[in-house]
Amino acid sequence: MTVLPRTAARTDRERMTRAAWLVALGVLLLVLPRLIYPVLALDILAWGLFAVAFDLLFGFSGLLSFGHAAFWGSSAYVTAYLLGQGQSVPVAMLGGTLSALALAVPIAFLSVRSAGIYFSMITLAFAQMLSFLALQWTDVTGGENGLQGFERPGFLGLDFSDSVTRYYFCLAVFAVGFYIAYRTVRSPFGQAQQAVRDNEQRAQSIGYNPARFKFTAFLISAALAGLAGSMYAFGHGVVSLEVVNWRTSGEVVMMTLLGGTTTLFGPVIGAGIVLLLRDVLTTANLPVGIVTGLVFVLVVLFFRRGVVGTLQHWMRKR
Amino acid sequence: MNTQLLLIQVFNGLVNGAFYALLSLGLAVIFGMLRIVNFMHGALYMLGAFTAFALGQAFGLGFWPSLILAPLIVAGIGMVLERGLLSRLYGLEPSYNLLLTFGLTLLTQDLVKQVMLSQYAVSSAPYTPPPVLSGVVNLGFVVFPKYRLFVIGLSLLICLITWFVIEKTRVGAIIRASTENPGVTRAFGIDVSKWVTGVFGVGVGLAGLAGVLAAPIYSVEPYMGAELIITTFAVVVIGGMGSILGSVITGFAVGVLAAVGAAIYPPIANTLVFILMALVLLVRPSGLFGLPEGAR
């Protein structure tokens with residue numbers, strides 16, 4: 001009967017490690033705008049949450065969405081549009097998030113019926129439909145010009161013309177989003193979701209409905225991606241066609257993989273690394289695509305655990 | 001709308017369809033045989049066009065030699081990639097192929113952009129069709145550029161040959177055997193991994209060929225494959241992934257439908273294919289010509 005205490009000690013240690021990660025990430029994000037310029041820091045928050053949202057679907061449900069830009073992008077557009085109509089910041093961000101959720105319902109319905117690579121292609125195609133819509137519907141999206149110069153009215157005495165204030169406001173939003181993702185993964189729903197991922201037939205045979213789990217996971221993921229997209233629009237004050245481009249869908253995959261799937265902390269770290277790397281390359285006037293493409297290839301070939309995944313694996317082995 | 005205009009649109013649609021068909025045929029060969037989702041297909045199509053352009057600049061090679069040489073070079077590049085990189089991912093989920101080739105796409109596009117900017121000081125270059133094919137043909141009811149008719153004809157011919165080789169010949173039988181049951185095929189003394197590399201080479205060679213054919217119509221630029229590949233993926237999903245015949249028929253059909261649709265209601269031009277895809281998925285998730293998942 002030595003098994004029980006040992007496993008208990010083990011989960012205890014895992015809980016400690018998790019708490020340590022949480023504190024480390026929290027401290028890092030709190031001081032981030034002092035280390036790098038605040039707009040870049042805010043980008044890391046937005047993309048970080050986007051990657052967490054993506055990981056919720058990819059890492060925990062095994063569904064590789066190659067069209068997550070649809071939710072990020074639609075929310076960014078709606079947020080910018082609502083702000084342009086004179087709405088307050090929370091209303092605009094909520095509106096963006098809800099629009100992403102609404103968009104996800106039909107897309108999820110049609111795509112979770114397919115598995116594996118079919119799922120990837122179908123989500124990609126839906127995202128592409130949206131990207132053409134964004135290009136054509138110039139009255140709302142501004143077409144090639146995008147949306148810019150919209151107001152960001154102050155809220156509760158906060159002055160959003162200051163980028164540091166914007167950062168800390170978004171940090172609060174990020175914390176809410178991250179908490180939702182964290183709770184989802186640790187909940188019975190999250191456990192069942194992983195059971196479905198690991199062995200769909202077995203999960204079905206013990207009474208779970210795989211399609212329903214995938215559908216729900218898709219909606220949560222899309223809504224969080226939407227929340228991240230609204231942060232991005234709010235942070236930058238500009239929304240362009242870039243937000244619905246397929247490269248955006250690919251980039252979020254890269255951030256997640258680089259940081260480590262199924263780690264939740266990983267995607268945020270991954271987003272940070274990619275954005276910092278891109279920032280350095282652009283200022284040094286080096287070809288961004290060549291370097292990021294190379295990093296992507298190397299990660300897929302040799303480093304599939306990602307940064308946080310590798311660290312955790314290494315610590316667990318010790 | 002008058003009939004003349006409609007006919008012109010049908011022909012334009014067939015030209016686009018010729019490219020969709022060649023590209024989705026290559027994807028179908030690679031996916032059907034090797035279970036690789038080659039996101040890089042669009043970039044290899046661009047490499048075909050770029051190679052033809054670079055051969056012309058460096059050695060004064062004209063269209064005809066390039067039409068043979070460039071696809072062979074692209075096939076060679078493809079085979080090196082398959083041996084060196086993709087083969088490391090066999091046995092893992094196909095998602096990893098998609099991700100690896102996505103990374104390679106970013107890499108290739110920007111690499112070509114750098115080369116074009118540093119070597120030729122341009123980021124987009126025109127490429128002229130051979131004199132034999134310039135000018136127009138009067139078909140009686142409509143006047144149409146000679147070169148575009150040539151593209152439609154050659155694409156059809158290549159698709160037909162590919163289909164014939166895979167479905168009707170001994171070579172095709174070996175390929176199908178190698179991919180369906182590698183163990184048994186190996187027992188017959190056939191070097192399966194060589195055939196796999198070869199098939200991948202042929203698939204990307206088709207993309208390279210499409211690239212050379214496209215150069216005189218769309219001009220050569222690093223991102224010319226970027227949007228096309230997404231449409232091609234939609235064509236593949238509509239036709240049924242891995243179906244040789246399905247990809248060819250759907251390729252041409254989608255080209256024509258999109259062109260005719262655009263003539264009736266212009267804003268729909270680029271979206272129609274994705275709407276079609278959504279409709280097909282509702283009725284037949286495995287595509288028009290595909291077998292249901294798990295049935296192979």
# chains A, B, ... in the order shown; residues from 1 in each chain; ligands from 1
$ interface_residues --of "chain B" --to "chain A" --cutoff "8 Å" --atoms "only C-alpha atoms" --output "ChimeraX atom specification"
/B:37,85,88-89,94-96,99-111,114,230-231,233-234,237,267,270-271,274-275,278,281-282,285
$ write_last_selection --atoms "C-alpha atoms" --output "PDB file, in the first residue's frame"
ATOM      1  CA  VAL B  37      -1.001  17.024 -46.706  1.00  0.00           C
ATOM      2  CA  LEU B  85      12.434  16.252 -43.830  1.00  0.00           C
ATOM      3  CA  ARG B  88      10.999  11.968 -40.437  1.00  0.00           C
ATOM      4  CA  LEU B  89       7.314  12.539 -39.705  1.00  0.00           C
ATOM      5  CA  PRO B  94      -0.778  13.967 -40.807  1.00  0.00           C
ATOM      6  CA  SER B  95      -1.208  17.288 -38.986  1.00  0.00           C
ATOM      7  CA  TYR B  96       2.560  17.448 -38.596  1.00  0.00           C
ATOM      8  CA  LEU B  99       2.592  22.144 -40.118  1.00  0.00           C
ATOM      9  CA  LEU B 100       6.039  21.343 -41.490  1.00  0.00           C
ATOM     10  CA  THR B 101       5.060  22.253 -45.026  1.00  0.00           C
ATOM     11  CA  PHE B 102       3.400  25.431 -43.745  1.00  0.00           C
ATOM     12  CA  GLY B 103       6.750  26.464 -42.242  1.00  0.00           C
ATOM     13  CA  LEU B 104       8.520  25.578 -45.476  1.00  0.00           C
ATOM     14  CA  THR B 105       6.010  27.738 -47.350  1.00  0.00           C
ATOM     15  CA  LEU B 106       6.883  30.829 -45.295  1.00  0.00           C
ATOM     16  CA  LEU B 107      10.559  30.037 -45.781  1.00  0.00           C
ATOM     17  CA  THR B 108      10.355  29.503 -49.552  1.00  0.00           C
ATOM     18  CA  GLN B 109       8.215  32.543 -50.274  1.00  0.00           C
ATOM     19  CA  ASP B 110      10.516  34.934 -48.467  1.00  0.00           C
ATOM     20  CA  LEU B 111      13.642  33.240 -49.814  1.00  0.00           C
ATOM     21  CA  GLN B 114      15.010  37.975 -51.330  1.00  0.00           C
ATOM     22  CA  ILE B 230      -6.269  27.726 -50.275  1.00  0.00           C
ATOM     23  CA  THR B 231      -8.735  27.555 -53.158  1.00  0.00           C
ATOM     24  CA  PHE B 233      -7.584  22.868 -50.771  1.00  0.00           C
ATOM     25  CA  ALA B 234     -11.274  23.702 -51.064  1.00  0.00           C
ATOM     26  CA  VAL B 237     -12.300  18.841 -50.092  1.00  0.00           C
ATOM     27  CA  PRO B 267     -18.538  40.041 -55.423  1.00  0.00           C
ATOM     28  CA  ASN B 270     -13.650  34.295 -54.741  1.00  0.00           C
ATOM     29  CA  THR B 271     -16.116  33.072 -52.148  1.00  0.00           C
ATOM     30  CA  PHE B 274     -15.973  28.011 -50.250  1.00  0.00           C
ATOM     31  CA  ILE B 275     -19.749  28.248 -50.264  1.00  0.00           C
ATOM     32  CA  ALA B 278     -19.775  24.158 -47.176  1.00  0.00           C
ATOM     33  CA  LEU B 281     -19.837  19.045 -46.664  1.00  0.00           C
ATOM     34  CA  LEU B 282     -23.397  19.303 -45.392  1.00  0.00           C
ATOM     35  CA  PRO B 285     -18.687  15.034 -45.675  1.00  0.00           C
TER      36      PRO B 285
END
$ select_by_dssp --residues "region 40-263 of chain B" --states "strand (DSSP E)" --output "PyMOL selection string"
chain B and resi 136-138+143-145
$ closest_residue --among "A:Arg18, A:Arg278, A:His236, A:Arg13" --to "Arg186 (chain A)" --atoms "only C-alpha atoms"
A:Arg18
$ residues_around --residues "Leu213 (chain B)" --least-positions-apart "5" --cutoff "10 Å" --atoms "only C-alpha atoms" --output "VMD selection string"
chain B and resid 18 to 19 45 48 to 49 52 63 66 to 67 129 147 to 148 150 to 152 154 to 155 207 to 208 218
$ write_last_selection --atoms "N, CA, C and O atoms" --output "PDB file, in the first residue's frame"
ATOM      1  N   ALA B  18      -8.000  24.770 -65.166  1.00  0.00           N
ATOM      2  CA  ALA B  18      -6.831  23.989 -65.570  1.00  0.00           C
ATOM      3  C   ALA B  18      -5.773  24.017 -64.479  1.00  0.00           C
ATOM      4  O   ALA B  18      -5.145  22.999 -64.181  1.00  0.00           O
ATOM      5  N   PHE B  19      -5.600  25.181 -63.857  1.00  0.00           N
ATOM      6  CA  PHE B  19      -4.618  25.291 -62.767  1.00  0.00           C
ATOM      7  C   PHE B  19      -5.102  24.571 -61.515  1.00  0.00           C
ATOM      8  O   PHE B  19      -4.338  23.854 -60.875  1.00  0.00           O
ATOM      9  N   TYR B  45       4.459  25.487 -56.742  1.00  0.00           N
ATOM     10  CA  TYR B  45       3.898  26.054 -57.979  1.00  0.00           C
ATOM     11  C   TYR B  45       4.606  27.363 -58.308  1.00  0.00           C
ATOM     12  O   TYR B  45       5.065  27.591 -59.435  1.00  0.00           O
ATOM     13  N   GLY B  48       8.027  26.731 -59.564  1.00  0.00           N
ATOM     14  CA  GLY B  48       8.025  26.353 -60.973  1.00  0.00           C
ATOM     15  C   GLY B  48       8.102  27.583 -61.856  1.00  0.00           C
ATOM     16  O   GLY B  48       8.935  27.677 -62.771  1.00  0.00           O
ATOM     17  N   ALA B  49       7.241  28.556 -61.569  1.00  0.00           N
ATOM     18  CA  ALA B  49       7.227  29.799 -62.342  1.00  0.00           C
ATOM     19  C   ALA B  49       8.553  30.543 -62.181  1.00  0.00           C
ATOM     20  O   ALA B  49       9.144  31.031 -63.146  1.00  0.00           O
ATOM     21  N   ALA B  52      11.452  28.867 -64.104  1.00  0.00           N
ATOM     22  CA  ALA B  52      11.373  29.182 -65.532  1.00  0.00           C
ATOM     23  C   ALA B  52      11.906  30.588 -65.791  1.00  0.00           C
ATOM     24  O   ALA B  52      12.688  30.822 -66.716  1.00  0.00           O
ATOM     25  N   PHE B  63      10.644  29.423 -73.333  1.00  0.00           N
ATOM     26  CA  PHE B  63       9.493  28.794 -72.686  1.00  0.00           C
ATOM     27  C   PHE B  63       9.521  27.271 -72.798  1.00  0.00           C
ATOM     28  O   PHE B  63       9.327  26.567 -71.817  1.00  0.00           O
ATOM     29  N   SER B  66      12.073  25.382 -70.710  1.00  0.00           N
ATOM     30  CA  SER B  66      11.692  25.595 -69.305  1.00  0.00           C
ATOM     31  C   SER B  66      10.498  24.750 -68.920  1.00  0.00           C
ATOM     32  O   SER B  66      10.400  24.282 -67.789  1.00  0.00           O
ATOM     33  N   LEU B  67       9.588  24.570 -69.878  1.00  0.00           N
ATOM     34  CA  LEU B  67       8.378  23.797 -69.600  1.00  0.00           C
ATOM     35  C   LEU B  67       8.742  22.360 -69.213  1.00  0.00           C
ATOM     36  O   LEU B  67       8.022  21.709 -68.452  1.00  0.00           O
ATOM     37  N   PRO B 129       4.747  34.544 -73.266  1.00  0.00           N
ATOM     38  CA  PRO B 129       4.546  33.239 -73.895  1.00  0.00           C
ATOM     39  C   PRO B 129       5.363  33.165 -75.178  1.00  0.00           C
ATOM     40  O   PRO B 129       5.740  34.193 -75.735  1.00  0.00           O
ATOM     41  N   TYR B 147      -2.668  31.255 -76.203  1.00  0.00           N
ATOM     42  CA  TYR B 147      -1.924  30.653 -75.100  1.00  0.00           C
ATOM     43  C   TYR B 147      -2.854  30.007 -74.075  1.00  0.00           C
ATOM     44  O   TYR B 147      -2.584  28.947 -73.551  1.00  0.00           O
ATOM     45  N   ARG B 148      -3.985  30.680 -73.829  1.00  0.00           N
ATOM     46  CA  ARG B 148      -4.911  30.138 -72.816  1.00  0.00           C
ATOM     47  C   ARG B 148      -5.550  28.837 -73.275  1.00  0.00           C
ATOM     48  O   ARG B 148      -5.774  27.935 -72.461  1.00  0.00           O
ATOM     49  N   PHE B 150      -4.057  26.747 -75.172  1.00  0.00           N
ATOM     50  CA  PHE B 150      -2.974  25.779 -75.000  1.00  0.00           C
ATOM     51  C   PHE B 150      -2.921  25.272 -73.557  1.00  0.00           C
ATOM     52  O   PHE B 150      -2.757  24.073 -73.307  1.00  0.00           O
ATOM     53  N   VAL B 151      -3.085  26.201 -72.591  1.00  0.00           N
ATOM     54  CA  VAL B 151      -3.053  25.825 -71.173  1.00  0.00           C
ATOM     55  C   VAL B 151      -4.152  24.812 -70.857  1.00  0.00           C
ATOM     56  O   VAL B 151      -3.905  23.781 -70.216  1.00  0.00           O
ATOM     57  N   ILE B 152      -5.366  25.101 -71.352  1.00  0.00           N
ATOM     58  CA  ILE B 152      -6.484  24.179 -71.104  1.00  0.00           C
ATOM     59  C   ILE B 152      -6.172  22.803 -71.682  1.00  0.00           C
ATOM     60  O   ILE B 152      -6.302  21.772 -71.009  1.00  0.00           O
ATOM     61  N   LEU B 154      -3.217  21.372 -72.615  1.00  0.00           N
ATOM     62  CA  LEU B 154      -2.098  20.648 -72.005  1.00  0.00           C
ATOM     63  C   LEU B 154      -2.479  20.114 -70.627  1.00  0.00           C
ATOM     64  O   LEU B 154      -2.148  18.988 -70.271  1.00  0.00           O
ATOM     65  N   SER B 155      -3.199  20.941 -69.868  1.00  0.00           N
ATOM     66  CA  SER B 155      -3.617  20.512 -68.532  1.00  0.00           C
ATOM     67  C   SER B 155      -4.484  19.264 -68.618  1.00  0.00           C
ATOM     68  O   SER B 155      -4.276  18.292 -67.884  1.00  0.00           O
ATOM     69  N   ALA B 207       2.827  20.440 -59.756  1.00  0.00           N
ATOM     70  CA  ALA B 207       2.700  21.822 -59.274  1.00  0.00           C
ATOM     71  C   ALA B 207       3.689  22.723 -60.009  1.00  0.00           C
ATOM     72  O   ALA B 207       3.357  23.844 -60.408  1.00  0.00           O
ATOM     73  N   GLY B 208       4.906  22.222 -60.195  1.00  0.00           N
ATOM     74  CA  GLY B 208       5.921  22.991 -60.910  1.00  0.00           C
ATOM     75  C   GLY B 208       5.479  23.299 -62.332  1.00  0.00           C
ATOM     76  O   GLY B 208       5.626  24.428 -62.826  1.00  0.00           O
ATOM     77  N   TYR B 218      -0.139  35.120 -65.160  1.00  0.00           N
ATOM     78  CA  TYR B 218      -0.248  35.878 -63.908  1.00  0.00           C
ATOM     79  C   TYR B 218       1.039  36.611 -63.518  1.00  0.00           C
ATOM     80  O   TYR B 218       1.093  37.240 -62.476  1.00  0.00           O
TER      81      TYR B 218
END
$ residues_around --residues "Tyr127 (chain B)" --least-positions-apart "5" --cutoff "6 Å" --atoms "only C-alpha atoms" --output "VMD selection string"
chain B and resid 215 to 216 219
$ residues_around --residues "region 71-83 of chain A" --least-positions-apart "4" --cutoff "6 Å" --atoms "only C-alpha atoms" --output "ChimeraX atom specification"
/A:87,92-93,96-97,100,151,222,225-226,229-230,233,243-244
$ write_last_selection --atoms "N, CA and C atoms" --output "compact mmCIF listing (two decimals), in the first residue's frame"
# COMPACT_ATOMS: atom_id res chain seq x y z
N GLN A 87 -19.27 53.32 -29.02
CA GLN A 87 -19.55 52.47 -27.87
C GLN A 87 -18.36 52.51 -26.88
N ALA A 92 -17.71 47.22 -26.52
CA ALA A 92 -17.13 46.86 -27.82
C ALA A 92 -16.42 45.51 -27.74
N MET A 93 -15.66 45.30 -26.65
CA MET A 93 -14.93 44.04 -26.53
C MET A 93 -15.87 42.87 -26.33
N GLY A 96 -17.44 42.10 -29.65
CA GLY A 96 -16.51 41.35 -30.50
C GLY A 96 -16.46 39.89 -30.12
N THR A 97 -16.35 39.65 -28.81
CA THR A 97 -16.26 38.27 -28.33
C THR A 97 -17.52 37.48 -28.68
N ALA A 100 -17.70 36.54 -32.31
CA ALA A 100 -16.86 35.37 -32.62
C ALA A 100 -17.56 34.09 -32.20
N GLU A 151 -12.30 55.84 -31.85
CA GLU A 151 -12.15 56.35 -30.47
C GLU A 151 -11.92 55.19 -29.50
N ALA A 222 -13.25 29.37 -29.56
CA ALA A 222 -13.54 30.48 -30.48
C ALA A 222 -13.85 31.76 -29.71
N ALA A 225 -10.64 33.13 -28.38
CA ALA A 225 -9.90 33.72 -29.50
C ALA A 225 -10.51 35.08 -29.85
N GLY A 226 -11.84 35.16 -29.75
CA GLY A 226 -12.52 36.42 -29.99
C GLY A 226 -12.15 37.48 -28.96
N GLY A 229 -8.85 38.71 -29.83
CA GLY A 229 -8.92 39.58 -31.00
C GLY A 229 -9.41 40.97 -30.65
N SER A 230 -10.36 41.03 -29.72
CA SER A 230 -10.87 42.35 -29.32
C SER A 230 -9.79 43.13 -28.56
N ALA A 233 -7.47 44.59 -31.27
CA ALA A 233 -8.02 45.77 -31.94
C ALA A 233 -7.96 46.99 -31.02
N VAL A 243 -5.68 40.52 -40.03
CA VAL A 243 -6.25 39.75 -38.92
C VAL A 243 -7.06 38.54 -39.39
N VAL A 244 -7.49 38.52 -40.65
CA VAL A 244 -8.24 37.36 -41.13
C VAL A 244 -7.44 36.55 -42.15
$ residues_around --residues "region 28-42 of chain A" --least-positions-apart "2" --cutoff "9 Å" --atoms "only C-alpha atoms" --output "PyMOL selection string"
chain A and resi 23-26+44-47+163-164+166-168+170-171+231-232+235-236+272+275-276+279
$ atom_distance --atom1 "CA of Gln312 (chain A)" --atom2 "CA of Thr263 (chain A)"
8.8 Å
$ closest_residue --among "B:Gly153, B:Pro126, B:Gly225, B:Gly172" --to "Gly198 (chain B)" --atoms "only C-alpha atoms"
B:Gly172
$ closest_residue --among "A:Arg316, A:Ser61, A:Ala223, A:Phe50" --to "Pro210 (chain A)" --atoms "only C-alpha atoms"
A:Ser61
